[in-house]
$ cat final24.txt   # compact mmCIF, C-alpha atoms and all ligand atoms
# COMPACT_ATOMS: atom_id res chain seq x y z
CA MET A 1209 -12.87 12.60 7.61
CA ASP A 1210 -15.18 13.19 10.57
CA ASN A 1211 -16.07 16.10 12.79
CA GLN A 1212 -13.73 16.51 15.76
CA GLY A 1213 -15.49 19.58 17.16
CA ASP A 1214 -14.10 23.10 17.55
CA ILE A 1215 -10.64 23.93 18.85
CA TRP A 1216 -10.73 25.76 22.20
CA GLU A 1217 -7.71 27.49 23.70
CA VAL A 1218 -7.20 26.72 27.39
CA PHE A 1219 -6.04 29.18 30.07
CA ILE A 1220 -5.36 28.04 33.61
CA GLN A 1221 -5.00 30.01 36.81
CA SER A 1222 -2.64 28.01 38.97
CA LYS A 1223 -3.39 29.84 42.24
CA PRO A 1224 -5.93 32.45 43.34
CA GLY A 1225 -4.50 35.87 42.57
CA LEU A 1226 -2.39 34.82 39.61
CA ALA A 1227 -3.18 35.54 35.97
CA HIS A 1228 -4.65 32.85 33.74
CA LYS A 1229 -1.92 31.39 31.57
CA HIS A 1230 -2.26 29.75 28.18
CA VAL A 1231 -1.46 26.03 28.34
CA GLY A 1232 -2.60 24.63 24.99
CA SER A 1233 -5.86 23.65 23.36
CA VAL A 1234 -8.56 21.00 23.38
CA HIS A 1235 -11.27 19.86 21.02
CA GLY A 1236 -14.84 20.03 22.21
CA MET A 1237 -18.39 20.08 21.00
CA GLY A 1238 -19.81 23.09 22.83
CA LYS A 1239 -18.45 25.06 25.76
CA GLU A 1240 -19.39 22.60 28.51
CA MET A 1241 -17.54 19.74 26.88
CA ALA A 1242 -14.59 22.00 26.12
CA LEU A 1243 -14.35 22.92 29.80
CA GLN A 1244 -14.59 19.29 30.93
CA ASN A 1245 -12.02 18.17 28.38
CA ALA A 1246 -9.69 20.94 29.49
CA ARG A 1247 -10.07 19.81 33.10
CA ASP A 1248 -9.32 16.16 32.20
CA MET A 1249 -6.40 17.06 30.00
CA TYR A 1250 -4.61 19.87 31.77
CA THR A 1251 -5.42 19.50 35.49
CA ARG A 1252 -4.87 15.85 36.35
CA ARG A 1253 -2.47 16.90 39.13
CA GLN A 1254 -4.20 19.92 40.71
CA GLU A 1255 -2.53 22.35 38.34
CA GLY A 1256 -5.24 24.94 38.66
CA THR A 1257 -7.93 26.75 40.58
CA CYS A 1258 -9.76 28.08 37.53
CA ILE A 1259 -9.94 27.30 33.81
CA TRP A 1260 -10.96 29.51 30.89
CA VAL A 1261 -11.73 28.07 27.48
CA VAL A 1262 -12.02 30.37 24.46
CA LYS A 1263 -12.95 29.29 20.96
CA HIS A 1264 -9.75 29.42 18.92
CA ALA A 1265 -11.59 31.18 16.09
CA ASP A 1266 -12.62 34.01 18.44
CA ILE A 1267 -9.05 34.98 19.34
CA ILE A 1268 -7.63 37.91 17.43
CA ALA A 1269 -3.84 37.90 17.45
CA SER A 1270 -1.27 40.29 16.06
CA VAL A 1271 1.02 38.80 13.45
CA PRO A 1272 4.65 39.10 14.54
CA GLU A 1273 6.19 38.67 11.08
CA GLU A 1274 3.89 40.67 8.83
CA ASP A 1275 3.49 43.47 11.28
CA GLY A 1276 6.91 44.49 12.52
CA SER A 1277 5.78 48.07 12.97
CA PHE A 1278 2.86 47.06 15.19
CA PHE A 1279 4.77 47.69 18.40
CA ASP A 1280 6.53 50.78 17.06
CA PRO A 1281 4.70 53.26 19.26
CA SER A 1282 6.47 51.92 22.33
CA ASN A 1283 9.88 51.41 20.73
CA ASP A 1284 11.14 54.96 21.11
CA LYS A 1285 9.62 55.92 24.43
CA ILE A 1286 12.28 54.87 26.84
CA TYR A 1287 11.21 57.75 29.09
CA ARG A 1288 8.39 55.40 30.15
CA GLU A 1289 10.99 53.40 32.08
CA ALA A 1290 12.04 54.48 35.56
CA THR A 1291 15.68 53.76 34.74
CA TYR A 1292 15.64 56.58 32.16
CA TYR A 1293 15.83 59.25 34.88
CA THR A 1294 19.00 60.39 36.64
CA MET A 1295 18.52 60.93 40.34
CA PRO A 1296 20.67 63.35 42.34
CA GLU A 1297 23.64 61.69 43.95
CA GLY A 1298 22.96 60.53 47.46
CA ALA A 1299 19.14 60.50 47.11
CA LYS A 1300 17.74 57.45 48.86
CA ASN A 1301 14.61 55.29 48.61
CA ILE A 1302 13.57 56.59 45.19
CA MET B 1431 14.34 71.20 27.98
CA THR B 1432 16.36 71.57 24.78
CA LEU B 1433 18.66 68.77 25.79
CA VAL B 1434 15.81 66.37 26.24
CA ILE B 1435 14.39 67.15 22.79
CA VAL B 1436 17.73 66.61 21.09
CA PHE B 1437 18.16 63.28 22.78
CA TYR B 1438 14.67 62.27 21.87
CA ASP B 1439 15.20 63.11 18.17
CA LEU B 1440 18.37 61.08 18.07
CA LYS B 1441 16.50 58.19 19.51
CA ILE B 1442 13.94 58.32 16.68
CA VAL B 1443 16.63 58.34 14.03
CA ASN B 1444 18.30 55.35 15.62
CA CYS B 1445 15.09 53.49 15.76
CA GLU B 1446 14.32 54.05 12.09
CA LEU B 1447 17.75 52.82 11.15
CA ASN B 1448 17.16 49.67 13.10
CA ILE B 1449 13.89 49.00 11.38
CA LYS B 1450 15.51 49.51 7.97
CA THR B 1451 18.23 46.95 8.58
CA ASN B 1452 15.61 44.58 9.92
CA ASN B 1453 13.44 44.93 6.84
CA ASN B 1454 16.36 44.25 4.56
CA MET B 1455 16.78 40.81 6.05
CA SER B 1456 14.96 38.08 4.21
CA ASP B 1457 12.40 35.93 6.00
CA LEU B 1458 14.85 33.06 5.93
CA GLU B 1459 17.66 35.14 7.43
CA LYS B 1460 15.37 36.29 10.23
CA PHE B 1461 14.30 32.71 10.86
CA LEU B 1462 17.90 31.46 10.97
CA GLU B 1463 18.88 34.30 13.27
CA LYS B 1464 16.19 33.25 15.74
CA ILE B 1465 17.37 29.65 15.59
CA GLU B 1466 20.94 30.82 16.14
CA GLU B 1467 19.93 32.89 19.17
CA ASN B 1468 17.69 30.16 20.60
CA ILE B 1469 14.55 32.26 20.22
CA LYS B 1470 11.58 29.90 19.89
CA ILE B 1471 9.66 29.82 16.63
CA GLU B 1472 5.93 30.40 17.21
CA PRO B 1473 2.96 29.30 15.07
CA LYS B 1474 2.43 32.64 13.32
CA ASP B 1475 6.13 33.24 12.58
CA TRP B 1476 7.44 32.72 9.09
CA MET B 1477 9.19 29.36 8.77
CA PRO B 1478 10.69 27.40 5.87
CA ASP B 1479 8.35 24.86 4.33
CA ASP B 1480 10.73 22.01 5.12
CA TYR B 1481 10.87 23.04 8.78
CA ARG B 1482 7.06 22.99 8.97
CA LYS B 1483 6.87 19.62 7.21
CA HIS B 1484 9.58 18.12 9.37
CA LEU B 1485 7.71 19.18 12.51
CA GLN B 1486 4.34 18.00 11.22
CA ARG B 1487 5.87 14.60 10.59
CA GLN B 1488 7.85 14.33 13.81
CA MET B 1489 5.20 15.75 16.15
CA SER B 1490 2.34 13.70 14.72
CA GLN B 1491 4.52 10.59 14.86
CA HIS B 1492 5.18 11.42 18.50
CA ALA B 1493 1.43 11.95 19.17
CA HIS B 1494 0.52 8.69 17.43
CA SER B 1495 3.11 6.86 19.56
CA GLU B 1496 1.53 8.13 22.79
CA VAL B 1497 -1.91 7.01 21.62
CA ILE B 1498 -0.96 3.63 20.14
CA GLY B 1499 1.25 3.05 23.19
CA MET B 1500 -1.89 2.74 25.33
CA GLN B 1501 -2.78 -0.56 23.67
CA PRO B 1502 0.01 -2.86 24.93
CA GLU B 1503 -0.60 -1.59 28.48
CA GLY B 1504 -4.38 -1.57 28.16
CA ASN B 1505 -3.98 -5.29 27.56
CA TRP B 1506 -3.21 -5.77 31.29
CA VAL B 1507 -5.64 -3.43 33.05
CA LEU B 1508 -8.21 -6.16 33.70
CA ARG B 1509 -5.52 -8.63 34.78
CA ALA B 1510 -3.52 -6.37 37.10
CA PRO B 1511 -2.53 -8.40 40.19
CA SER B 1512 -3.91 -5.94 42.77
CA LEU B 1513 -6.19 -2.94 43.03
CA ARG B 1514 -3.15 -0.76 43.66
CA ALA B 1515 -1.46 -2.05 40.52
CA LYS B 1516 -4.64 -1.48 38.55
CA VAL B 1517 -5.20 2.17 39.54
CA ILE B 1518 -1.53 2.95 38.89
CA LEU B 1519 -1.64 1.37 35.44
CA LEU B 1520 -4.88 3.19 34.63
CA ALA B 1521 -3.43 6.53 35.73
CA LYS B 1522 -0.37 5.94 33.58
CA ILE B 1523 -2.42 5.05 30.52
CA GLN B 1524 -4.62 8.10 31.08
CA ASP B 1525 -1.46 10.25 31.12
CA GLU B 1526 -0.42 8.76 27.77
CA ALA B 1527 -3.82 9.72 26.33
CA GLY B 1528 -3.15 13.23 27.62
CA HIS B 1529 0.32 13.26 26.06
CA GLY B 1530 -1.19 12.33 22.72
CA GLN B 1531 -3.69 15.18 23.06
CA TYR B 1532 -1.02 17.77 24.03
CA LEU B 1533 1.00 16.75 20.99
CA TYR B 1534 -1.92 16.76 18.54
CA SER B 1535 -2.84 20.22 19.84
CA ALA B 1536 0.70 21.44 19.32
CA ALA B 1537 0.89 19.79 15.88
CA GLU B 1538 -2.37 21.47 14.84
CA THR B 1539 -0.71 24.88 15.27
CA LEU B 1540 1.30 23.98 12.15
CA GLY B 1541 -1.83 24.38 10.06
CA LYS B 1542 -2.93 20.77 9.67
CA SER B 1543 -6.11 19.42 11.25
CA ARG B 1544 -6.39 16.64 13.77
CA SER B 1545 -8.64 14.66 11.42
CA THR B 1546 -5.91 14.75 8.79
CA TYR B 1547 -3.27 13.52 11.24
CA ILE B 1548 -5.53 10.70 12.46
CA ASN B 1549 -6.35 9.75 8.90
CA GLU B 1550 -2.65 9.50 8.07
CA LEU B 1551 -2.17 7.15 11.01
CA GLN B 1552 -5.09 4.94 10.05
CA THR B 1553 -4.05 4.74 6.41
CA ARG B 1554 -0.47 3.97 7.54
CA LYS B 1555 1.00 7.02 5.86
CA ALA B 1556 2.24 8.17 9.27
CA LYS B 1557 4.40 6.05 11.55
CA TYR B 1558 4.56 5.63 15.31
CA SER B 1559 7.29 4.22 17.52
CA SER B 1560 7.85 0.61 16.44
CA ILE B 1561 8.26 -0.54 20.06
CA PHE B 1562 4.46 -0.65 20.34
CA ASN B 1563 4.27 -3.34 17.68
CA TYR B 1564 5.59 -5.89 20.18
CA PRO B 1565 3.11 -7.85 22.33
CA THR B 1566 2.92 -7.66 26.13
CA LEU B 1567 2.80 -11.30 27.15
CA THR B 1568 3.09 -11.29 30.95
CA TRP B 1569 2.62 -8.92 33.87
CA ALA B 1570 6.42 -8.50 33.99
CA ASP B 1571 6.09 -6.76 30.62
CA MET B 1572 4.27 -3.90 32.39
CA GLY B 1573 7.46 -3.54 34.39
CA ALA B 1574 9.73 -3.68 31.35
CA VAL B 1575 7.59 -1.20 29.40
CA GLY B 1576 7.55 1.41 32.16
CA TRP B 1577 11.21 0.96 33.03
CA LEU B 1578 12.68 0.69 29.52
CA VAL B 1579 10.17 2.13 27.04
CA ASP B 1580 9.19 5.11 29.17
CA GLY B 1581 12.83 5.35 30.27
CA ALA B 1582 13.99 5.67 26.68
CA ALA B 1583 11.15 8.07 25.88
CA ILE B 1584 12.17 10.26 28.83
CA VAL B 1585 15.77 10.57 27.61
CA ASN B 1586 14.46 11.65 24.22
CA GLN B 1587 11.81 13.99 25.63
CA VAL B 1588 14.08 15.70 28.13
CA SER B 1589 16.27 16.63 25.19
CA LEU B 1590 13.25 17.80 23.17
CA GLN B 1591 12.27 20.31 25.86
CA LYS B 1592 14.83 22.58 24.19
CA THR B 1593 13.41 22.11 20.70
CA SER B 1594 13.14 25.27 18.61
CA TYR B 1595 9.38 25.15 18.01
CA GLY B 1596 7.55 26.86 20.91
CA PRO B 1597 4.38 24.74 21.16
CA TYR B 1598 6.39 21.49 20.89
CA SER B 1599 8.81 22.64 23.55
CA ARG B 1600 6.02 23.61 25.95
CA ALA B 1601 4.26 20.29 25.43
CA MET B 1602 7.54 18.47 26.20
CA VAL B 1603 8.03 20.35 29.47
CA LYS B 1604 4.57 19.33 30.61
CA ILE B 1605 5.02 15.73 29.45
CA CYS B 1606 8.41 15.32 31.16
CA LYS B 1607 6.89 16.33 34.51
CA GLU B 1608 4.36 13.54 34.18
CA GLU B 1609 6.72 10.87 32.85
CA SER B 1610 8.85 10.38 35.94
CA PHE B 1611 6.22 8.30 37.72
CA HIS B 1612 5.79 6.16 34.59
CA GLN B 1613 9.33 4.90 34.69
CA ARG B 1614 9.36 4.44 38.46
CA GLN B 1615 6.14 2.41 38.54
CA GLY B 1616 7.60 0.10 35.88
CA TYR B 1617 10.90 -0.30 37.69
CA GLU B 1618 8.99 -1.05 40.90
CA ILE B 1619 7.06 -3.85 39.18
CA ILE B 1620 10.10 -5.47 37.60
CA SER B 1621 12.29 -5.17 40.70
CA ASN B 1622 9.56 -6.74 42.87
CA MET B 1623 9.31 -9.64 40.45
CA ALA B 1624 13.08 -9.98 40.30
CA LYS B 1625 13.19 -10.58 44.06
CA GLY B 1626 10.18 -12.92 44.05
CA THR B 1627 10.02 -16.67 43.42
CA PRO B 1628 12.42 -18.21 40.85
CA GLU B 1629 9.51 -18.31 38.38
CA GLN B 1630 8.78 -14.61 38.94
CA LYS B 1631 12.43 -13.72 38.55
CA GLN B 1632 12.47 -15.71 35.31
CA MET B 1633 9.46 -13.74 34.06
CA ALA B 1634 11.26 -10.48 34.82
CA GLN B 1635 14.40 -11.64 32.98
CA ASP B 1636 12.31 -12.81 30.03
CA ALA B 1637 10.59 -9.42 29.80
CA LEU B 1638 13.98 -7.68 29.83
CA ASP B 1639 15.26 -10.09 27.16
CA ARG B 1640 12.38 -9.28 24.84
CA PHE B 1641 12.22 -5.50 25.42
CA TRP B 1642 15.90 -4.56 25.63
CA TRP B 1643 16.79 -4.44 21.95
CA PRO B 1644 13.53 -2.91 20.73
CA SER B 1645 13.96 -0.23 23.44
CA ILE B 1646 17.39 0.84 22.28
CA MET B 1647 16.08 0.84 18.70
CA MET B 1648 13.56 3.49 19.80
CA PHE B 1649 16.24 6.15 19.26
CA GLY B 1650 16.22 5.40 15.55
CA PRO B 1651 18.96 4.53 13.05
CA HIS B 1652 22.63 5.36 13.62
CA ASP B 1653 23.45 9.00 12.87
CA ALA B 1654 25.30 8.02 9.70
CA ASP B 1655 22.15 6.32 8.36
CA SER B 1656 19.61 8.89 9.51
CA SER B 1657 18.78 11.04 6.50
CA ARG B 1658 16.57 13.50 8.37
CA SER B 1659 18.88 14.13 11.31
CA GLU B 1660 20.95 16.80 9.59
CA ASN B 1661 18.09 19.25 9.05
CA ALA B 1662 16.65 18.49 12.46
CA MET B 1663 19.96 19.40 14.09
CA LYS B 1664 20.54 22.45 11.90
CA TRP B 1665 17.15 23.88 12.84
CA LYS B 1666 17.54 22.75 16.47
CA ILE B 1667 14.38 20.67 16.31
CA LYS B 1668 16.70 18.11 17.87
CA ASN B 1669 19.70 19.11 19.93
CA GLU B 1670 21.23 15.68 20.40
CA THR B 1671 21.65 12.93 17.83
CA ASN B 1672 20.09 9.45 17.88
CA ASP B 1673 23.37 7.85 18.89
CA GLN B 1674 24.08 10.35 21.66
CA LEU B 1675 20.65 9.81 23.18
CA ARG B 1676 20.88 6.03 22.86
CA GLN B 1677 24.25 6.06 24.64
CA LYS B 1678 22.81 8.18 27.46
CA PHE B 1679 19.98 5.71 27.96
CA ILE B 1680 22.27 2.67 27.96
CA ASP B 1681 24.73 4.27 30.37
CA LYS B 1682 22.07 5.04 32.95
CA THR B 1683 20.08 1.80 32.64
CA ILE B 1684 22.75 -0.85 33.07
CA GLN B 1685 23.32 -0.21 36.76
CA GLN B 1686 19.55 -0.34 37.33
CA ALA B 1687 19.49 -3.87 35.86
CA GLU B 1688 22.50 -4.96 37.89
CA ILE B 1689 21.18 -3.99 41.30
CA ILE B 1690 17.99 -5.97 40.82
CA GLY B 1691 19.96 -8.99 39.64
CA LEU B 1692 18.86 -9.04 36.02
CA THR B 1693 21.15 -9.48 33.02
CA ILE B 1694 21.04 -7.27 29.95
CA PRO B 1695 20.92 -9.60 26.93
CA ASP B 1696 24.04 -8.24 25.19
CA LYS B 1697 27.31 -10.18 25.49
CA ASP B 1698 29.30 -7.28 24.03
CA LEU B 1699 28.26 -4.89 26.75
CA ARG B 1700 31.26 -3.57 28.69
CA TRP B 1701 32.48 -0.38 30.31
CA ASN B 1702 35.01 1.53 28.21
CA ASP B 1703 37.50 3.48 30.34
CA GLU B 1704 38.62 5.61 27.42
CA THR B 1705 35.24 6.84 26.25
CA ASN B 1706 33.67 6.75 29.72
CA HIS B 1707 30.67 5.03 28.21
CA TYR B 1708 29.44 1.48 27.77
CA ASP B 1709 30.29 -0.30 24.52
CA PHE B 1710 27.42 -2.39 23.26
CA GLY B 1711 26.68 -4.97 20.57
CA GLU B 1712 25.42 -4.43 17.04
CA ILE B 1713 21.73 -3.67 16.71
CA ASP B 1714 19.70 -5.86 14.36
CA TRP B 1715 18.63 -3.17 11.89
CA ASP B 1716 16.92 -5.67 9.61
CA GLU B 1717 14.48 -6.37 12.42
CA PHE B 1718 14.04 -2.63 13.03
CA TRP B 1719 13.21 -1.80 9.41
CA ASN B 1720 11.01 -4.85 9.09
CA VAL B 1721 8.86 -3.67 12.01
CA VAL B 1722 8.86 -0.06 10.78
CA LYS B 1723 7.63 -1.28 7.40
CA GLY B 1724 4.65 -2.92 9.05
CA ASN B 1725 5.74 -6.53 9.54
CA GLY B 1726 6.15 -6.58 13.32
CA PRO B 1727 4.13 -8.98 15.47
CA CYS B 1728 1.32 -6.49 16.22
CA ASN B 1729 1.30 -3.78 13.51
CA ASP B 1730 -2.02 -4.87 12.03
CA ASP B 1731 -3.69 -5.33 15.43
CA ARG B 1732 -2.70 -1.86 16.59
CA ILE B 1733 -4.09 -0.04 13.56
CA GLU B 1734 -7.21 -2.19 13.31
CA HIS B 1735 -7.95 -1.58 16.98
CA HIS B 1736 -7.46 2.16 16.55
CA ILE B 1737 -9.83 2.28 13.58
CA LYS B 1738 -12.42 0.19 15.41
CA ALA B 1739 -12.33 2.38 18.52
CA HIS B 1740 -12.54 5.47 16.32
CA GLU B 1741 -15.50 4.17 14.35
CA ASP B 1742 -17.26 2.88 17.45
CA GLY B 1743 -17.03 6.41 18.82
CA ALA B 1744 -18.57 8.08 15.76
CA TRP B 1745 -22.09 8.12 17.21
CA VAL B 1746 -20.78 9.80 20.37
CA ARG B 1747 -19.28 12.63 18.33
CA GLU B 1748 -22.48 12.99 16.31
CA ALA B 1749 -24.61 13.09 19.45
CA ALA B 1750 -22.25 15.63 21.06
CA ILE B 1751 -22.46 17.90 18.03
CA ALA B 1752 -26.24 17.68 17.95
CA TYR B 1753 -26.33 18.50 21.67
CA ALA B 1754 -23.94 21.42 21.26
CA GLU B 1755 -25.96 22.86 18.38
CA LYS B 1756 -29.06 22.78 20.53
CA ASN B 1757 -27.48 24.12 23.73
CA GLY B 1758 -24.52 26.20 22.52
FE FE C 1 4.01 9.64 27.31
FE FE C 2 4.89 7.56 29.65

$ encode --input "final24.txt" --output "structure tokens"
Amino acid sequence: MDNQGDIWEVFIQSKPGLAHKHVGSVHGMGKEMALQNARDMYTRRQEGTCIWVVKHADIIASVPEEDGSFFDPSNDKIYREATYYTMPEGAKNI
Amino acid sequence: MTLVIVFYDLKIVNCELNIKTNNNMSDLEKFLEKIEENIKIEPKDWMPDDYRKHLQRQMSQHAHSEVIGMQPEGNWVLRAPSLRAKVILLAKIQDEAGHGQYLYSAAETLGKSRSTYINELQTRKAKYSSIFNYPTLTWADMGAVGWLVDGAAIVNQVSLQKTSYGPYSRAMVKICKEESFHQRQGYEIISNMAKGTPEQKQMAQDALDRFWWPSIMMFGPHDADSSRSENAMKWKIKNETNDQLRQKFIDKTIQQAEIIGLTIPDKDLRWNDETNHYDFGEIDWDEFWNVVKGNGPCNDDRIEHHIKAHEDGAWVREAAIAYAEKNG
């Protein structure tokens, strides 16, 4: 069993102005190689204008199954949605 | 003001009730409900052990196929008949390397390392598509491989885009976008040869003769003989059966052979007006299982070459690690 390097998660911005989107991961020894591998692997057809690589081990993620109550605070606050409010009949552009 | 508060309280009660019913569901029930509703399963979600194992096996087998599949085509890079043909073939092979990487990445999210997967390939515990155990003898084979082997892979992969495991599904979407040129470049090669000199046309026909049956075997055993299919369908890892996919491939490929004047090597092939599909001859399953078990023409070559390339690259990995430790 040999060393395949760290796993790096890859995020690509497809156009200036858009958010970086997760596309998958690469292996790489060090950040430079991770970035080059990500370029070779995920942008062979001009898929992006910018790439982020983040060490997989450095990502902290919530656990959907174990932590069902994690998103509770927003569950019962439908008054945060514009559609919650009744506007007077005939009111326009609001 | 009072009205708002009352409404708000009701809302809280409702919400708590919902959470209670949710908690009373077992992990398995929640999993099955997601499958039922076509909600993708993600790496951190609870999943049955057999589902995880099935995916580890299927996805790594898929990844190994992409990687081993570079060898029969790599065989012709230095002998490509023109610079154009050479850059196209190289680009295609490079895509296959990428496909292997996407799939290993996705398979790693199931909690098994890449080194382990590669080790299973090299020790022959894991399989790869048996089509790659056939040799590529002439340039026409580059046509047959792209047209038929990638063609069959596309039918399978288009269907897998809907697979229930999120990372696998996303990898398939990306791969399908890249595959379309693979099949077209192969069909271009074989159709050019089919309209060339009589010798060239004969080479094209010979390539079709050798690759036709192994290509339709790529879809695996008949549904009745496929022990793993049932779980795969139940969990929506697969959404179409081996036989359904094989039929799809045959139905769309026959016309492509006809218009370039080549003959599919199956005397039982005929259109069936009742089923609206082509009937075809019996597949030689003894040959299929023989190749799967390791006795095909190139099984040993493929694995030995993979191990050699891997070992030859060991110093590169060591040097890269040393460099990374020094420079971060
Ligand atoms: Fe591929
Ligand atoms: Fe391909």

$ residues_near_ligand --input "final24.txt" --ligand "ligand FE 2 (chain C)" --cutoff "9 Å" --atoms "only C-alpha atoms and all ligand atoms" --output "PyMOL selection string"
chain B and resi 1496+1499+1522-1523+1525-1526+1529+1576+1579-1581+1583-1584+1605-1606+1608-1613

$ interface_residues --input "final24.txt" --of "chain A" --to "chain B" --cutoff "9 Å" --atoms "all atoms listed in the file" --output "ChimeraX atom specification"
/A:1209-1213,1215,1231-1241,1248-1250,1252,1270-1274,1276-1277,1283-1285

$ atom_distance --input "final24.txt" --atom1 "atom CA of B:Ala1493" --atom2 "atom CA of B:Glu1550"
12.1 Å

$ residues_near_point --input "final24.txt" --point "(7.1, 18.4, 9.6)" --cutoff "12 Å" --atoms "only C-alpha atoms" --output "NGL selection string"
:B and (1477-1492 or 1537-1542 or 1547 or 1556 or 1595 or 1598 or 1658 or 1661-1662 or 1665 or 1667)

$ residues_near_point --input "final24.txt" --point "(-5.2, 25.1, 33.9)" --cutoff "8 Å" --atoms "only C-alpha atoms" --output "list of chain:residue names"
A:Val1218, A:Phe1219, A:Ile1220, A:Gln1221, A:Ser1222, A:His1228, A:Lys1229, A:His1230, A:Val1231, A:Ala1246, A:Arg1247, A:Tyr1250, A:Thr1251, A:Glu1255, A:Gly1256, A:Thr1257, A:Cys1258, A:Ile1259, A:Trp1260

$ atom_distance --input "final24.txt" --atom1 "atom CA of B:Gly1711" --atom2 "atom CA of B:Glu1688"
17.8 Å

$ atom_distance --input "final24.txt" --atom1 "atom CA of B:Ile1498" --atom2 "atom CA of B:Thr1566"
13.4 Å

$ closest_residue --input "final24.txt" --among "B:Thr1693, B:Asn1672, B:Met1500, B:Pro1628" --to "ligand FE 1 (chain C)" --atoms "all atoms listed in the file"
B:Met1500

$ residues_around --input "final24.txt" --residues "B:Gly1691" --least-positions-apart "3" --cutoff "9 Å" --atoms "all atoms listed in the file" --output "ChimeraX atom specification"
/B:1621,1624-1625,1631,1686-1688

$ residues_around --input "final24.txt" --residues "B:Lys1697" --least-positions-apart "3" --cutoff "12 Å" --atoms "only C-alpha atoms" --output "VMD selection string"
chain B and resid 1693 to 1694 1700 1709 to 1712

$ decode --input "final24.txt" --residues "stretch 1223-1238 of chain A" --atoms "N, CA and C atoms" --output "PDB file, in the first residue's frame"
ATOM      1  N   LYS A1223     -18.079  30.896 -14.306  1.00  0.00           N
ATOM      2  CA  LYS A1223     -18.036  32.204 -14.967  1.00  0.00           C
ATOM      3  C   LYS A1223     -17.754  33.254 -13.914  1.00  0.00           C
ATOM      4  N   PRO A1224     -17.117  34.369 -14.279  1.00  0.00           N
ATOM      5  CA  PRO A1224     -16.936  35.429 -13.284  1.00  0.00           C
ATOM      6  C   PRO A1224     -18.302  35.848 -12.740  1.00  0.00           C
ATOM      7  N   GLY A1225     -18.387  36.038 -11.446  1.00  0.00           N
ATOM      8  CA  GLY A1225     -19.654  36.473 -10.856  1.00  0.00           C
ATOM      9  C   GLY A1225     -20.455  35.342 -10.254  1.00  0.00           C
ATOM     10  N   LEU A1226     -20.179  34.108 -10.664  1.00  0.00           N
ATOM     11  CA  LEU A1226     -20.927  32.980 -10.096  1.00  0.00           C
ATOM     12  C   LEU A1226     -20.178  32.400  -8.889  1.00  0.00           C
ATOM     13  N   ALA A1227     -20.909  31.683  -8.057  1.00  0.00           N
ATOM     14  CA  ALA A1227     -20.306  31.066  -6.881  1.00  0.00           C
ATOM     15  C   ALA A1227     -19.456  29.855  -7.296  1.00  0.00           C
ATOM     16  N   HIS A1228     -18.472  29.540  -6.506  1.00  0.00           N
ATOM     17  CA  HIS A1228     -17.691  28.326  -6.741  1.00  0.00           C
ATOM     18  C   HIS A1228     -18.544  27.125  -6.353  1.00  0.00           C
ATOM     19  N   LYS A1229     -18.516  26.105  -7.193  1.00  0.00           N
ATOM     20  CA  LYS A1229     -19.388  24.955  -6.972  1.00  0.00           C
ATOM     21  C   LYS A1229     -18.548  23.689  -6.816  1.00  0.00           C
ATOM     22  N   HIS A1230     -18.920  22.860  -5.847  1.00  0.00           N
ATOM     23  CA  HIS A1230     -18.175  21.627  -5.631  1.00  0.00           C
ATOM     24  C   HIS A1230     -18.334  20.694  -6.822  1.00  0.00           C
ATOM     25  N   VAL A1231     -17.205  20.129  -7.307  1.00  0.00           N
ATOM     26  CA  VAL A1231     -17.301  19.221  -8.451  1.00  0.00           C
ATOM     27  C   VAL A1231     -16.787  17.813  -8.153  1.00  0.00           C
ATOM     28  N   GLY A1232     -16.049  17.657  -7.061  1.00  0.00           N
ATOM     29  CA  GLY A1232     -15.475  16.347  -6.760  1.00  0.00           C
ATOM     30  C   GLY A1232     -14.153  16.537  -6.036  1.00  0.00           C
ATOM     31  N   SER A1233     -13.278  15.559  -6.116  1.00  0.00           N
ATOM     32  CA  SER A1233     -12.015  15.679  -5.394  1.00  0.00           C
ATOM     33  C   SER A1233     -10.854  15.198  -6.245  1.00  0.00           C
ATOM     34  N   VAL A1234      -9.664  15.520  -5.807  1.00  0.00           N
ATOM     35  CA  VAL A1234      -8.444  15.001  -6.441  1.00  0.00           C
ATOM     36  C   VAL A1234      -7.479  14.563  -5.344  1.00  0.00           C
ATOM     37  N   HIS A1235      -6.488  13.791  -5.731  1.00  0.00           N
ATOM     38  CA  HIS A1235      -5.377  13.521  -4.832  1.00  0.00           C
ATOM     39  C   HIS A1235      -4.240  14.453  -5.219  1.00  0.00           C
ATOM     40  N   GLY A1236      -3.447  14.859  -4.231  1.00  0.00           N
ATOM     41  CA  GLY A1236      -2.297  15.689  -4.566  1.00  0.00           C
ATOM     42  C   GLY A1236      -1.335  15.765  -3.404  1.00  0.00           C
ATOM     43  N   MET A1237      -0.066  15.833  -3.740  1.00  0.00           N
ATOM     44  CA  MET A1237       0.948  16.051  -2.720  1.00  0.00           C
ATOM     45  C   MET A1237       1.201  17.552  -2.677  1.00  0.00           C
ATOM     46  N   GLY A1238       0.643  18.217  -1.697  1.00  0.00           N
ATOM     47  CA  GLY A1238       0.815  19.667  -1.586  1.00  0.00           C
ATOM     48  C   GLY A1238      -0.190  20.435  -2.424  1.00  0.00           C
TER      49      GLY A1238
END
